[in-house]
Amino acid sequence: MTNAVGFKVQVGVLVVDDSDDQRMLLTRYFERAGCHVTAAASAEESISVYRLEKPDIVVIDLRLPKMNGWQLSRRIRADCPTAKIVISSVLDGTEYPPCDAILPKPFTGAQVRKVLDECLPGWSVQ
């Protein structure tokens, strides 16, 4: 991604998953792809993060405690309309809320890079 002055900047990714293992794995894959990643263990925590960091992509697990992934995705659409929403879940894809890409669990590094290509055509690691 480039900023308003034309300088190359890292893609910002917010990962929202209540599973420590899934959060760490997603973080590792997106970092290996050259992204700046922030992780949150709950929807409530993620709201504070996306208000400050304005991520390019938000990866959401649907089964979250308290506010679930369906509710969070609606809130992000309203609060950050330019952020791309990626759903990462074990649930059937027909149950997903509207999103820009799907990252079914279990996922691979190649699938993460494919999501980046789908959400941000022309992205690249510098």
# chains A, B, ... in the order shown; residues from 1 in each chain; ligands from 1
call {"tool": "residues_around", "arguments": {"residues": "Leu62 in chain A", "least_positions_apart": "3", "cutoff": "8 Å", "atoms": "only C-alpha atoms", "output": "PyMOL selection string"}}
result
chain A and resi 68-70+87-89+96
call {"tool": "atom_distance", "arguments": {"atom1": "CA of His36 in chain A", "atom2": "CA of Leu72 in chain A"}}
result
21.0 Å
call {"tool": "closest_residue", "arguments": {"among": "A:Arg23, A:Arg63, A:Arg74, A:Arg32", "to": "Ile47 in chain A", "atoms": "only C-alpha atoms"}}
result
A:Arg74
call {"tool": "select_by_dssp", "arguments": {"residues": "range 9-95 of chain A", "states": "alpha helix (DSSP H)", "output": "ChimeraX atom specification"}}
result
/A:20-32,43-53,69-79
call {"tool": "write_last_selection", "arguments": {"atoms": "C-alpha atoms", "output": "PDB file, in the first residue's frame"}}
result
ATOM      1  CA  ASP A  20      -4.415 -17.972  21.360  1.00  0.00           C
ATOM      2  CA  ASP A  21      -3.134 -20.564  18.874  1.00  0.00           C
ATOM      3  CA  GLN A  22      -5.212 -19.261  15.959  1.00  0.00           C
ATOM      4  CA  ARG A  23      -4.309 -15.639  16.739  1.00  0.00           C
ATOM      5  CA  MET A  24      -0.597 -16.474  16.840  1.00  0.00           C
ATOM      6  CA  LEU A  25      -0.739 -18.542  13.648  1.00  0.00           C
ATOM      7  CA  LEU A  26      -2.636 -15.849  11.708  1.00  0.00           C
ATOM      8  CA  THR A  27      -0.246 -13.214  13.018  1.00  0.00           C
ATOM      9  CA  ARG A  28       2.776 -15.263  11.925  1.00  0.00           C
ATOM     10  CA  TYR A  29       1.395 -15.894   8.408  1.00  0.00           C
ATOM     11  CA  PHE A  30       0.459 -12.244   7.807  1.00  0.00           C
ATOM     12  CA  GLU A  31       3.805 -11.030   9.195  1.00  0.00           C
ATOM     13  CA  ARG A  32       5.664 -13.460   6.923  1.00  0.00           C
ATOM     14  CA  ALA A  43     -14.495  -8.041  19.592  1.00  0.00           C
ATOM     15  CA  GLU A  44     -14.498  -5.431  22.334  1.00  0.00           C
ATOM     16  CA  GLU A  45     -10.693  -5.272  22.360  1.00  0.00           C
ATOM     17  CA  SER A  46     -10.614  -5.033  18.569  1.00  0.00           C
ATOM     18  CA  ILE A  47     -12.850  -1.939  18.559  1.00  0.00           C
ATOM     19  CA  SER A  48     -10.252   0.017  20.519  1.00  0.00           C
ATOM     20  CA  VAL A  49      -7.545  -1.190  18.151  1.00  0.00           C
ATOM     21  CA  TYR A  50      -9.254  -0.402  14.844  1.00  0.00           C
ATOM     22  CA  ARG A  51     -10.220   3.064  16.007  1.00  0.00           C
ATOM     23  CA  LEU A  52      -6.532   3.856  16.570  1.00  0.00           C
ATOM     24  CA  GLU A  53      -4.811   1.876  13.834  1.00  0.00           C
ATOM     25  CA  GLY A  69     -18.175 -12.099  14.704  1.00  0.00           C
ATOM     26  CA  TRP A  70     -21.435 -11.300  12.910  1.00  0.00           C
ATOM     27  CA  GLN A  71     -22.021  -8.295  15.171  1.00  0.00           C
ATOM     28  CA  LEU A  72     -18.392  -7.191  14.909  1.00  0.00           C
ATOM     29  CA  SER A  73     -18.351  -7.353  11.119  1.00  0.00           C
ATOM     30  CA  ARG A  74     -21.451  -5.101  10.950  1.00  0.00           C
ATOM     31  CA  ARG A  75     -19.846  -2.653  13.349  1.00  0.00           C
ATOM     32  CA  ILE A  76     -16.592  -2.530  11.375  1.00  0.00           C
ATOM     33  CA  ARG A  77     -18.509  -1.944   8.119  1.00  0.00           C
ATOM     34  CA  ALA A  78     -20.171   1.053   9.772  1.00  0.00           C
ATOM     35  CA  ASP A  79     -17.093   2.413  11.573  1.00  0.00           C
TER      36      ASP A  79
END
call {"tool": "closest_atom_pairs", "arguments": {"of": "range 31-106 of chain A", "to": "range 8-17 of chain A", "cutoff": "7 Å", "atoms": "only C-alpha atoms", "output": "CSV"}}
result
residue,atom,partner,partner_atom,distance
A:Gly34,CA,A:Gln10,CA,6.8
A:Cys35,CA,A:Val11,CA,4.9
A:His36,CA,A:Gly12,CA,4.9
A:Val37,CA,A:Val13,CA,4.8
A:Thr38,CA,A:Leu14,CA,4.9
A:Ala39,CA,A:Val15,CA,4.6
A:Ala40,CA,A:Val16,CA,4.9
A:Ala41,CA,A:Asp17,CA,5.2
A:Ser42,CA,A:Val16,CA,6.3
A:Ala43,CA,A:Val16,CA,6.7
A:Ser46,CA,A:Val16,CA,6.6
A:Pro55,CA,A:Gly12,CA,4.6
A:Asp56,CA,A:Gly12,CA,5.1
A:Ile57,CA,A:Val13,CA,4.8
A:Val58,CA,A:Leu14,CA,4.7
A:Val59,CA,A:Val15,CA,4.8
A:Ile60,CA,A:Val16,CA,4.9
A:Asp61,CA,A:Asp17,CA,5.2
A:Leu64,CA,A:Asp17,CA,6.9
call {"tool": "write_last_selection", "arguments": {"atoms": "C-alpha atoms", "output": "PDB file, in the first residue's frame"}}
result
ATOM      1  CA  GLY A  34       5.117  -8.515   5.048  1.00  0.00           C
ATOM      2  CA  CYS A  35       2.143  -7.086   6.947  1.00  0.00           C
ATOM      3  CA  HIS A  36       1.992  -5.141  10.183  1.00  0.00           C
ATOM      4  CA  VAL A  37      -0.305  -7.189  12.449  1.00  0.00           C
ATOM      5  CA  THR A  38      -2.175  -6.330  15.614  1.00  0.00           C
ATOM      6  CA  ALA A  39      -4.109  -9.078  17.375  1.00  0.00           C
ATOM      7  CA  ALA A  40      -7.139  -8.906  19.657  1.00  0.00           C
ATOM      8  CA  ALA A  41      -8.698 -11.692  21.729  1.00  0.00           C
ATOM      9  CA  SER A  42     -12.223 -10.238  21.667  1.00  0.00           C
ATOM     10  CA  ALA A  43     -14.495  -8.041  19.592  1.00  0.00           C
ATOM     11  CA  SER A  46     -10.614  -5.033  18.569  1.00  0.00           C
ATOM     12  CA  PRO A  55      -6.286  -1.462   9.496  1.00  0.00           C
ATOM     13  CA  ASP A  56      -6.516  -2.307   5.813  1.00  0.00           C
ATOM     14  CA  ILE A  57      -7.797  -5.809   6.617  1.00  0.00           C
ATOM     15  CA  VAL A  58      -9.666  -7.198   9.630  1.00  0.00           C
ATOM     16  CA  VAL A  59      -9.658 -10.990  10.034  1.00  0.00           C
ATOM     17  CA  ILE A  60     -12.594 -12.066  12.213  1.00  0.00           C
ATOM     18  CA  ASP A  61     -13.410 -15.373  13.857  1.00  0.00           C
ATOM     19  CA  LEU A  64     -16.242 -14.851  19.837  1.00  0.00           C
TER      20      LEU A  64
END
call {"tool": "decode", "arguments": {"residues": "range 10-48 of chain A", "atoms": "C-alpha atoms", "output": "short mmCIF file (atom, residue, chain, number, x, y, z; two decimals), in the first residue's frame"}}
result
data_model
loop_
_atom_site.label_atom_id
_atom_site.label_comp_id
_atom_site.auth_asym_id
_atom_site.auth_seq_id
_atom_site.Cartn_x
_atom_site.Cartn_y
_atom_site.Cartn_z
CA GLN A 10 3.03 -2.07 5.20
CA VAL A 11 -0.45 -3.49 4.94
CA GLY A 12 -2.14 -3.19 8.34
CA VAL A 13 -3.97 -6.29 9.54
CA LEU A 14 -6.11 -6.72 12.65
CA VAL A 15 -6.66 -10.33 13.71
CA VAL A 16 -9.62 -10.99 16.02
CA ASP A 17 -9.76 -14.50 17.44
CA ASP A 18 -10.30 -15.73 21.00
CA SER A 19 -8.04 -18.75 20.44
CA ASP A 20 -4.42 -17.97 21.36
CA ASP A 21 -3.13 -20.56 18.87
CA GLN A 22 -5.21 -19.26 15.96
CA ARG A 23 -4.31 -15.64 16.74
CA MET A 24 -0.60 -16.47 16.84
CA LEU A 25 -0.74 -18.54 13.65
CA LEU A 26 -2.64 -15.85 11.71
CA THR A 27 -0.25 -13.21 13.02
CA ARG A 28 2.78 -15.26 11.93
CA TYR A 29 1.40 -15.89 8.41
CA PHE A 30 0.46 -12.24 7.81
CA GLU A 31 3.81 -11.03 9.19
CA ARG A 32 5.66 -13.46 6.92
CA ALA A 33 3.71 -11.91 4.03
CA GLY A 34 5.12 -8.51 5.05
CA CYS A 35 2.14 -7.09 6.95
CA HIS A 36 1.99 -5.14 10.18
CA VAL A 37 -0.30 -7.19 12.45
CA THR A 38 -2.18 -6.33 15.61
CA ALA A 39 -4.11 -9.08 17.38
CA ALA A 40 -7.14 -8.91 19.66
CA ALA A 41 -8.70 -11.69 21.73
CA SER A 42 -12.22 -10.24 21.67
CA ALA A 43 -14.50 -8.04 19.59
CA GLU A 44 -14.50 -5.43 22.33
CA GLU A 45 -10.69 -5.27 22.36
CA SER A 46 -10.61 -5.03 18.57
CA ILE A 47 -12.85 -1.94 18.56
CA SER A 48 -10.25 0.02 20.52
#
